[in-house]
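First up is the structure itself, then whatever we jot down about it.
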Amino acid sequence: MSSPQPPGTAEITSPTDTGVRFDEHGILPIPDQQRDCSSWELFWIWCGANIAPINWVLGALGITLGLSLFETLIVVVVGNLFGCAIFGLFNVIGHRTAVNQMVLGRSAFGISGAALPAIVQGLLTMAWVGVNSWVVLDLVLAVLEQIGIRGGLGLKIAVAAVIMAVQLALALYGFYAIRAFEKYTVPLTVAVMVVMTVVALARTHLDWSPAKADSPAEKLTAITQLVTAIGVGWGLTWIPYAADYSRFARPELPARTVFWASASGMYIPTVWLAALGACLASAGGSADPSTLVVGTFGALAIPVLLLIMHGPIATNILNLYSCSLAALTIGIRTARWKITLFAGAIAAVVLAIFINSSSFAHAFDNWMVSILMWISPWMSILLVDYFLIHRRTPSIPDLYRDATISAYGKVNIPGLVSVVAGLLASWSWQYGLVPAMQGPLAKALANTDFSWLSGSLVAGGLYAFLTAARRRRRPTGSCRERGRA
C-alpha cells in the first residue's frame with residue numbers, strides 16, 4: 001500500500017532500519033520505506049502503554065462504586081470488547097493512510113476547523129502525563145518507605161523531576177525510541193506481572209459477596225458509571241492516539257493483522273490488570289495502586305514495584321509524543337522539544353491536583369467521564385466521514401493543502417455543529433460523581449450514565465444527515481461546496 005505525499009513536499013529517504021534512530025517525521029504522511037513497524041511491535045506499544053498500575057484503579061473503582069466482584073469483572077470484560085474493537089478500527093485507518101490522527105480530522109472538520117479537536121487533544125495528553133506521573137510517584141514513594149526512606153514535599157519534587165526527565169528524553173527522541181523501549185521492556189514486565197498475579201491471588205481471599213449497592217436503581221447507576229469510565233470508555237480514550245503509531249506499520253500488513261495487534265494489545269493488559277485490581281479491592285484493599293501492592297506483597301513489593309514503574313512511563317512517552325503531533329496539526333511552528341517541555345509543565349499542575357485529591361479513584365472517575373464527553377462525538381464523526389462520506393478513500397494530499405485550495409476547505413460547518421451537539425448530548429446523559437457532571441437526562445432516567453452512547457449517536461447521526469442534506473442541495477458540487485467555508 002503506497003503512502004501518498006502531499007504536493008510540494010520532499011520524502012525522507014534514509015534506508016529502512018529497525019534500530020533506534022532519531023524520528024525526523026512531523027505530521028506528513030510516513031513514506032513507505034520508513035514504515036517498518038511489525039505487528040508484534042505495534043502490539044507491544046499498546047500493551048506497554050496499558051500494563052500499568054493505573055489500570056488496577058479501573059477494576060478497584062467498581063468495588064468503590066458498590067458493585068460486587070463478579071459484576072465488576074463482567075463490566076470490564078464485556079465493555080472493553082467494544083471499546084478496544086473501535087480502537088483497533090482507528091489503527092487500521094491510520095495504517096491505510098499513514099497519517100497521524102489529528103490531521104485525519106481535517107477531512108471532517110476542515111483544515112482550520114480541525115485545530116479545535118487538536119487543541120483539546122494536546123491539552124488532554126499533557127493532563128494524562130500528570131495523571132500517570134502521579135501513579136509512578138505514588139509507587140516510588142511506597143518503595144522508598146518500605147526501605148525506610150521517608151520525606152516530605154522535597155522528596156516528592158525530586159522523585160517527580162527524575163521521572164519526568166526519563167519520560168521527556170524518550171519522547172523527544174521520537175517514535176523509534178518509543179518502539180524500542182516498548183519492544184525490549186514490555187515482555188519482561190509481562191513476565192513480572194504474571195508472577196505478581198499468581199502470588200497476589202494466592203495470598204488474597206476474594207470476596208464474592210453481593211454488591212453494596214442493594215437497590216436495583218443504585219446498582220444500575222454504578223454499572224453505567226463503570227461502563228462509561230472504564231468498561232467501554234478506556235478503549236475510547238486511546239482513539240485520539242491510534243493513527244499516530246499505526247501509521248508506521250509496514251504497508252504490506254493486512255488490515256486484520258493491524259486490527260488484532262492493536263486491539264488485543266489494548267484489551268489483554270487492560271482487562272487483566274483491571275480484574276486483578278478488582279480482586280484485591282474486593283478483599284478490602286484500597287483503590288490506591290501502591291496500597292494495593294504493598295498490602296498484598298509486603299516486603300516482596302520492593303522488587304515488584306521497581307519493575308512495574310515501567311508501565312506509567314511507557315504510557316507517558318506516548319502522551320508526550322502525541323502532544324507534539326497535535327501541536328503541529330494546530331499549526332504551531334516551533335521545535336518539538338519545546339512543545340514537549342511545555343507539556344511537562346502542564347502535567348506538573350495536573351499532578352499536583354491529583355496529589356491533593358482525597359480519593360484518587362473518585363478523581364480518576366471524574367477525569368474519565370469528562371474526557372469522554374468530547375471523544376465520543378468526535379470519534380463518531382470521524383467514523384461516519386471515513387466510511388460513509390469518503391468510502392475509505394479520503395484525499396490525503398488535500399489534508400495538507402492550503403485551506404483556499406484544499407477540497408476540505410477552511411471549516412466544515414456540519415462537522416463542528418455535530419461535535420457541539422454531541423457534547424451537549426454527552427453531558428445530558430452523564431452521571432458523574434460531582435453535581436456539575438450530572439445531566440438532566442441522566443437524572444430523569446434513574447441516574448444512569450450513557451454519555452458515551454448519546455454523544456456518539458447524536459454527533460454521528462447529525463453529521464451524516466447534514467452532509468447528505470448539503471449534497472442533495474448541491475448534487476453537482478465539489479467537496480468544497482459541502483458546507484466547507
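Residues are named by chain letter and number: chains run A, B, ... in the order of the C-alpha cells, numbers start at 1 in each chain, and ligands are numbered from 1 in the order shown.
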* To do: Name all residues at most 9 Å from A:Pro240 (count only C-alpha atoms; drop same-chain ones fewer than 5 positions away) and give them as a PyMOL selection string.
  => chain A and resi 90+101-102+121+322+375+379
How would the residues just chosen look if you wrote them out with all heavy atoms as an mmCIF file, in the first residue's frame?
```cif
data_model
loop_
_atom_site.group_PDB
_atom_site.id
_atom_site.type_symbol
_atom_site.label_atom_id
_atom_site.label_comp_id
_atom_site.auth_asym_id
_atom_site.auth_seq_id
_atom_site.Cartn_x
_atom_site.Cartn_y
_atom_site.Cartn_z
ATOM 1 N N PHE A 90 -9.601 2.297 14.388
ATOM 2 C CA PHE A 90 -8.882 3.545 14.118
ATOM 3 C C PHE A 90 -7.409 3.285 13.803
ATOM 4 O O PHE A 90 -6.795 4.041 13.043
ATOM 5 C CB PHE A 90 -9.015 4.497 15.305
ATOM 6 C CG PHE A 90 -10.236 5.367 15.238
ATOM 7 C CD1 PHE A 90 -11.470 4.896 15.646
ATOM 8 C CD2 PHE A 90 -10.164 6.655 14.734
ATOM 9 C CE1 PHE A 90 -12.605 5.680 15.583
ATOM 10 C CE2 PHE A 90 -11.294 7.465 14.655
ATOM 11 C CZ PHE A 90 -12.516 6.978 15.071
ATOM 12 N N GLN A 101 -3.402 11.017 13.690
ATOM 13 C CA GLN A 101 -4.834 11.052 13.986
ATOM 14 C C GLN A 101 -5.456 12.434 13.868
ATOM 15 O O GLN A 101 -6.550 12.592 13.330
ATOM 16 C CB GLN A 101 -5.076 10.509 15.398
ATOM 17 C CG GLN A 101 -6.515 10.127 15.664
ATOM 18 C CD GLN A 101 -6.968 8.963 14.795
ATOM 19 O OE1 GLN A 101 -6.465 7.866 14.910
ATOM 20 N NE2 GLN A 101 -7.932 9.202 13.924
ATOM 21 N N MET A 102 -4.807 13.464 14.364
ATOM 22 C CA MET A 102 -5.412 14.794 14.347
ATOM 23 C C MET A 102 -5.491 15.368 12.930
ATOM 24 O O MET A 102 -6.446 16.064 12.587
ATOM 25 C CB MET A 102 -4.645 15.744 15.264
ATOM 26 C CG MET A 102 -4.826 15.448 16.743
ATOM 27 S SD MET A 102 -6.551 15.614 17.313
ATOM 28 C CE MET A 102 -6.980 13.893 17.616
ATOM 29 N N GLN A 121 -7.012 17.715 22.265
ATOM 30 C CA GLN A 121 -6.162 16.541 22.408
ATOM 31 C C GLN A 121 -4.808 16.902 23.007
ATOM 32 O O GLN A 121 -4.278 16.181 23.852
ATOM 33 C CB GLN A 121 -5.972 15.868 21.037
ATOM 34 C CG GLN A 121 -4.909 14.770 20.981
ATOM 35 C CD GLN A 121 -5.207 13.581 21.875
ATOM 36 O OE1 GLN A 121 -6.224 13.546 22.564
ATOM 37 N NE2 GLN A 121 -4.325 12.599 21.875
ATOM 38 N N SER A 322 2.457 12.246 21.177
ATOM 39 C CA SER A 322 1.213 12.625 20.506
ATOM 40 C C SER A 322 0.865 14.081 20.765
ATOM 41 O O SER A 322 0.235 14.731 19.926
ATOM 42 C CB SER A 322 0.060 11.720 20.966
ATOM 43 O OG SER A 322 0.205 10.416 20.435
ATOM 44 N N ILE A 375 -14.538 12.956 23.299
ATOM 45 C CA ILE A 375 -14.002 11.877 22.466
ATOM 46 C C ILE A 375 -15.113 11.116 21.758
ATOM 47 O O ILE A 375 -14.994 10.780 20.575
ATOM 48 C CB ILE A 375 -13.137 10.917 23.305
ATOM 49 C CG1 ILE A 375 -11.836 11.615 23.705
ATOM 50 C CG2 ILE A 375 -12.828 9.643 22.531
ATOM 51 C CD1 ILE A 375 -10.924 10.764 24.565
ATOM 52 N N MET A 379 -15.153 10.946 17.798
ATOM 53 C CA MET A 379 -14.896 9.622 17.244
ATOM 54 C C MET A 379 -15.976 9.222 16.240
ATOM 55 O O MET A 379 -15.683 8.738 15.134
ATOM 56 C CB MET A 379 -14.848 8.607 18.386
ATOM 57 C CG MET A 379 -14.912 7.146 17.963
ATOM 58 S SD MET A 379 -15.443 6.095 19.333
ATOM 59 C CE MET A 379 -17.223 6.418 19.343
#
```
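Residues in contact with stretch 169-182 of chain A at 9 Å, where only C-alpha atoms are counted and same-chain residues fewer than 6 positions away are skipped, are listed as Thr18, Gly19, Val20, Arg21, Phe22, Asp23, Glu24, His25, Cys37, Glu41, Leu42, Trp44, Ile45, Trp46, Cys47, Gly48, Ala49, Tyr245, Phe248, Ala314, Asn316, Ile317, Leu318, Asn319, Leu320, Tyr321, Arg336, Trp337 and Thr340 of chain A.
As for atom CA of A:Gly277 and atom CA of A:Val76, they are spaced 11.1 Å apart.
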So that I can check the surroundings of A:Ala326, please list as a compact mmCIF listing (two decimals) with N, CA, C and O atoms, in the first residue's frame every protein, DNA and RNA residue that reaches within 9 Å of it, counting only C-alpha atoms and ignoring chain neighbours fewer than 5 positions away.
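What landed in result_21.txt:
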```
# COMPACT_ATOMS: atom_id res chain seq x y z
N ILE A 27 4.13 15.72 10.85
CA ILE A 27 2.76 15.27 10.58
C ILE A 27 2.53 14.92 9.12
O ILE A 27 1.40 14.63 8.73
N ASN A 100 -1.20 10.91 10.77
CA ASN A 100 -1.48 10.93 12.20
C ASN A 100 -2.94 11.31 12.47
O ASN A 100 -3.63 11.85 11.61
N GLN A 101 -3.40 11.02 13.69
CA GLN A 101 -4.83 11.05 13.99
C GLN A 101 -5.46 12.43 13.87
O GLN A 101 -6.55 12.59 13.33
N MET A 102 -4.81 13.46 14.36
CA MET A 102 -5.41 14.79 14.35
C MET A 102 -5.49 15.37 12.93
O MET A 102 -6.45 16.06 12.59
N VAL A 103 -4.50 15.09 12.09
CA VAL A 103 -4.56 15.56 10.69
C VAL A 103 -5.69 14.87 9.95
O VAL A 103 -6.37 15.48 9.11
N ALA A 115 -8.28 22.28 14.00
CA ALA A 115 -7.42 22.78 15.06
C ALA A 115 -8.09 22.67 16.43
O ALA A 115 -7.42 22.47 17.44
N PRO A 117 -10.27 20.24 17.73
CA PRO A 117 -10.01 18.94 18.37
C PRO A 117 -8.54 18.74 18.70
O PRO A 117 -8.21 18.11 19.71
N ALA A 118 -7.64 19.27 17.86
CA ALA A 118 -6.21 19.12 18.13
C ALA A 118 -5.79 19.84 19.40
O ALA A 118 -4.95 19.36 20.16
N ILE A 119 -6.38 21.02 19.64
CA ILE A 119 -6.09 21.76 20.87
C ILE A 119 -6.56 20.95 22.08
O ILE A 119 -5.83 20.81 23.08
N VAL A 120 -7.77 20.42 22.00
CA VAL A 120 -8.30 19.61 23.10
C VAL A 120 -7.41 18.40 23.34
O VAL A 120 -7.06 18.08 24.49
N GLN A 121 -7.01 17.72 22.26
CA GLN A 121 -6.16 16.54 22.41
C GLN A 121 -4.81 16.90 23.01
O GLN A 121 -4.28 16.18 23.85
N GLY A 122 -4.24 18.03 22.58
CA GLY A 122 -2.97 18.44 23.13
C GLY A 122 -3.05 18.69 24.63
O GLY A 122 -2.17 18.27 25.39
N TYR A 321 4.63 12.34 22.98
CA TYR A 321 4.86 12.31 21.53
C TYR A 321 3.62 12.76 20.78
O TYR A 321 3.68 13.59 19.86
N GLY A 331 -0.80 24.03 13.91
CA GLY A 331 -0.06 24.99 13.12
C GLY A 331 1.03 25.70 13.90
O GLY A 331 1.62 26.67 13.42
```
* To do: Could you give me, as a list in words, the residues within 10 Å of stretch 460-462 of chain A, counting only C-alpha atoms and dropping anything in the same chain fewer than 4 positions from it?
  => Ser376, Pro377, Trp378, Met379, Ser380, Ile381, Leu382, Leu383, Val384, Asp385, Pro414, Gly415, Val417, Ser418, Val419, Ala421, Gly422, Ser454, Gly455, Ser456, Leu466, Thr467 and Ala468 of chain A
Extract, using only C-alpha atoms, all DNA, RNA and protein residues at most 8 Å from stretch 77-85 of chain A, discarding same-chain residues fewer than 6 positions from it, and format them as a PDB file with N, CA, C and O atoms, in the first residue's frame.
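Once written, selection_11.pdb looks like this:
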```
ATOM      1  N   VAL A 227     -19.205   1.388  33.238  1.00  0.00           N
ATOM      2  CA  VAL A 227     -19.119   1.172  31.792  1.00  0.00           C
ATOM      3  C   VAL A 227     -18.547   2.407  31.104  1.00  0.00           C
ATOM      4  O   VAL A 227     -17.675   2.315  30.236  1.00  0.00           O
ATOM      5  N   ILE A 230     -14.632   3.003  32.625  1.00  0.00           N
ATOM      6  CA  ILE A 230     -13.565   2.043  32.340  1.00  0.00           C
ATOM      7  C   ILE A 230     -13.989   0.785  31.596  1.00  0.00           C
ATOM      8  O   ILE A 230     -13.166  -0.048  31.270  1.00  0.00           O
ATOM      9  N   GLY A 231     -15.276   0.638  31.317  1.00  0.00           N
ATOM     10  CA  GLY A 231     -15.703  -0.510  30.524  1.00  0.00           C
ATOM     11  C   GLY A 231     -15.487  -0.221  29.057  1.00  0.00           C
ATOM     12  O   GLY A 231     -14.504  -0.623  28.434  1.00  0.00           O
ATOM     13  N   VAL A 232     -16.405   0.524  28.471  1.00  0.00           N
ATOM     14  CA  VAL A 232     -16.252   0.980  27.091  1.00  0.00           C
ATOM     15  C   VAL A 232     -15.249   2.133  27.023  1.00  0.00           C
ATOM     16  O   VAL A 232     -14.443   2.238  26.102  1.00  0.00           O
ATOM     17  N   GLY A 233     -15.298   2.980  28.034  1.00  0.00           N
ATOM     18  CA  GLY A 233     -14.563   4.242  27.992  1.00  0.00           C
ATOM     19  C   GLY A 233     -13.065   4.132  27.865  1.00  0.00           C
ATOM     20  O   GLY A 233     -12.432   4.969  27.216  1.00  0.00           O
ATOM     21  N   TRP A 234     -12.449   3.117  28.456  1.00  0.00           N
ATOM     22  CA  TRP A 234     -10.987   3.050  28.456  1.00  0.00           C
ATOM     23  C   TRP A 234     -10.424   2.926  27.038  1.00  0.00           C
ATOM     24  O   TRP A 234      -9.501   3.647  26.657  1.00  0.00           O
ATOM     25  N   GLY A 235     -10.987   2.033  26.234  1.00  0.00           N
ATOM     26  CA  GLY A 235     -10.514   1.895  24.855  1.00  0.00           C
ATOM     27  C   GLY A 235     -10.767   3.151  24.038  1.00  0.00           C
ATOM     28  O   GLY A 235      -9.936   3.546  23.218  1.00  0.00           O
ATOM     29  N   LEU A 236     -11.911   3.798  24.271  1.00  0.00           N
ATOM     30  CA  LEU A 236     -12.244   5.005  23.510  1.00  0.00           C
ATOM     31  C   LEU A 236     -11.287   6.155  23.807  1.00  0.00           C
ATOM     32  O   LEU A 236     -10.974   6.948  22.916  1.00  0.00           O
ATOM     33  N   PHE A 259      -5.464  -4.653  12.992  1.00  0.00           N
ATOM     34  CA  PHE A 259      -6.589  -4.571  13.923  1.00  0.00           C
ATOM     35  C   PHE A 259      -6.342  -5.423  15.157  1.00  0.00           C
ATOM     36  O   PHE A 259      -6.452  -4.936  16.297  1.00  0.00           O
ATOM     37  N   ALA A 263      -5.848  -3.968  18.858  1.00  0.00           N
ATOM     38  CA  ALA A 263      -6.990  -4.214  19.751  1.00  0.00           C
ATOM     39  C   ALA A 263      -6.619  -5.163  20.890  1.00  0.00           C
ATOM     40  O   ALA A 263      -6.977  -4.915  22.048  1.00  0.00           O
ATOM     41  N   SER A 264      -5.897  -6.227  20.575  1.00  0.00           N
ATOM     42  CA  SER A 264      -5.500  -7.164  21.631  1.00  0.00           C
ATOM     43  C   SER A 264      -4.424  -6.566  22.523  1.00  0.00           C
ATOM     44  O   SER A 264      -4.388  -6.841  23.731  1.00  0.00           O
ATOM     45  N   MET A 266      -4.341  -3.621  23.464  1.00  0.00           N
ATOM     46  CA  MET A 266      -5.100  -2.781  24.391  1.00  0.00           C
ATOM     47  C   MET A 266      -5.935  -3.629  25.351  1.00  0.00           C
ATOM     48  O   MET A 266      -5.948  -3.391  26.571  1.00  0.00           O
ATOM     49  N   TYR A 267      -6.602  -4.651  24.818  1.00  0.00           N
ATOM     50  CA  TYR A 267      -7.584  -5.404  25.599  1.00  0.00           C
ATOM     51  C   TYR A 267      -6.943  -6.289  26.677  1.00  0.00           C
ATOM     52  O   TYR A 267      -7.378  -6.276  27.838  1.00  0.00           O
ATOM     53  N   VAL A 271      -7.870  -5.566  30.670  1.00  0.00           N
ATOM     54  CA  VAL A 271      -8.782  -6.475  31.378  1.00  0.00           C
ATOM     55  C   VAL A 271      -8.036  -7.249  32.458  1.00  0.00           C
ATOM     56  O   VAL A 271      -8.546  -7.438  33.575  1.00  0.00           O
TER      57      VAL A 271
END
```
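Comparing A:Tyr400, A:Val198, A:Met126, A:Thr204 by their smallest distance to A:Ile330, the closest is A:Tyr400 (using only C-alpha atoms).
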Determine, counting only C-alpha atoms, which protein, DNA and RNA residues have an atom within 9 Å of an atom of A:Asn91; residues of the same chain fewer than 5 positions away are not included. Present the result as a compact mmCIF listing (two decimals) with N, CA and C atoms, in the first residue's frame.
```txt
# COMPACT_ATOMS: atom_id res chain seq x y z
N ILE A 86 -13.29 -0.67 18.63
CA ILE A 86 -13.30 0.63 17.96
C ILE A 86 -11.88 1.20 17.88
N ARG A 96 -3.77 2.53 6.88
CA ARG A 96 -4.13 2.68 5.46
C ARG A 96 -3.72 4.05 4.90
N ILE A 239 -8.32 6.40 21.42
CA ILE A 239 -8.54 6.57 19.98
C ILE A 239 -7.82 7.78 19.42
N TYR A 241 -5.02 8.74 19.83
CA TYR A 241 -3.60 8.41 19.63
C TYR A 241 -3.38 7.37 18.53
N ALA A 242 -4.42 6.66 18.15
CA ALA A 242 -4.28 5.42 17.38
C ALA A 242 -3.41 5.56 16.14
N ALA A 243 -3.78 6.44 15.23
CA ALA A 243 -3.07 6.55 13.96
C ALA A 243 -1.66 7.10 14.11
N ASP A 244 -1.37 7.78 15.22
CA ASP A 244 -0.03 8.33 15.43
C ASP A 244 1.04 7.26 15.38
N TYR A 245 0.66 6.02 15.71
CA TYR A 245 1.63 4.93 15.78
C TYR A 245 1.40 3.87 14.71
N SER A 246 0.14 3.62 14.37
CA SER A 246 -0.12 2.62 13.32
C SER A 246 0.29 3.12 11.95
N ARG A 247 0.50 4.43 11.78
CA ARG A 247 0.97 4.97 10.51
C ARG A 247 2.38 4.48 10.18
N VAL A 258 -3.30 -5.66 11.59
CA VAL A 258 -3.16 -4.40 12.31
C VAL A 258 -4.25 -4.27 13.37
N PHE A 259 -5.46 -4.65 12.99
CA PHE A 259 -6.59 -4.57 13.92
C PHE A 259 -6.34 -5.42 15.16
N SER A 262 -3.35 -4.25 17.49
CA SER A 262 -3.64 -3.08 18.31
C SER A 262 -4.77 -3.34 19.31
N ALA A 263 -5.85 -3.97 18.86
CA ALA A 263 -6.99 -4.21 19.75
C ALA A 263 -6.62 -5.16 20.89
```
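In this model, the gap between atom CA of A:Ser107 and atom CA of A:Tyr386 comes to 8.3 Å.
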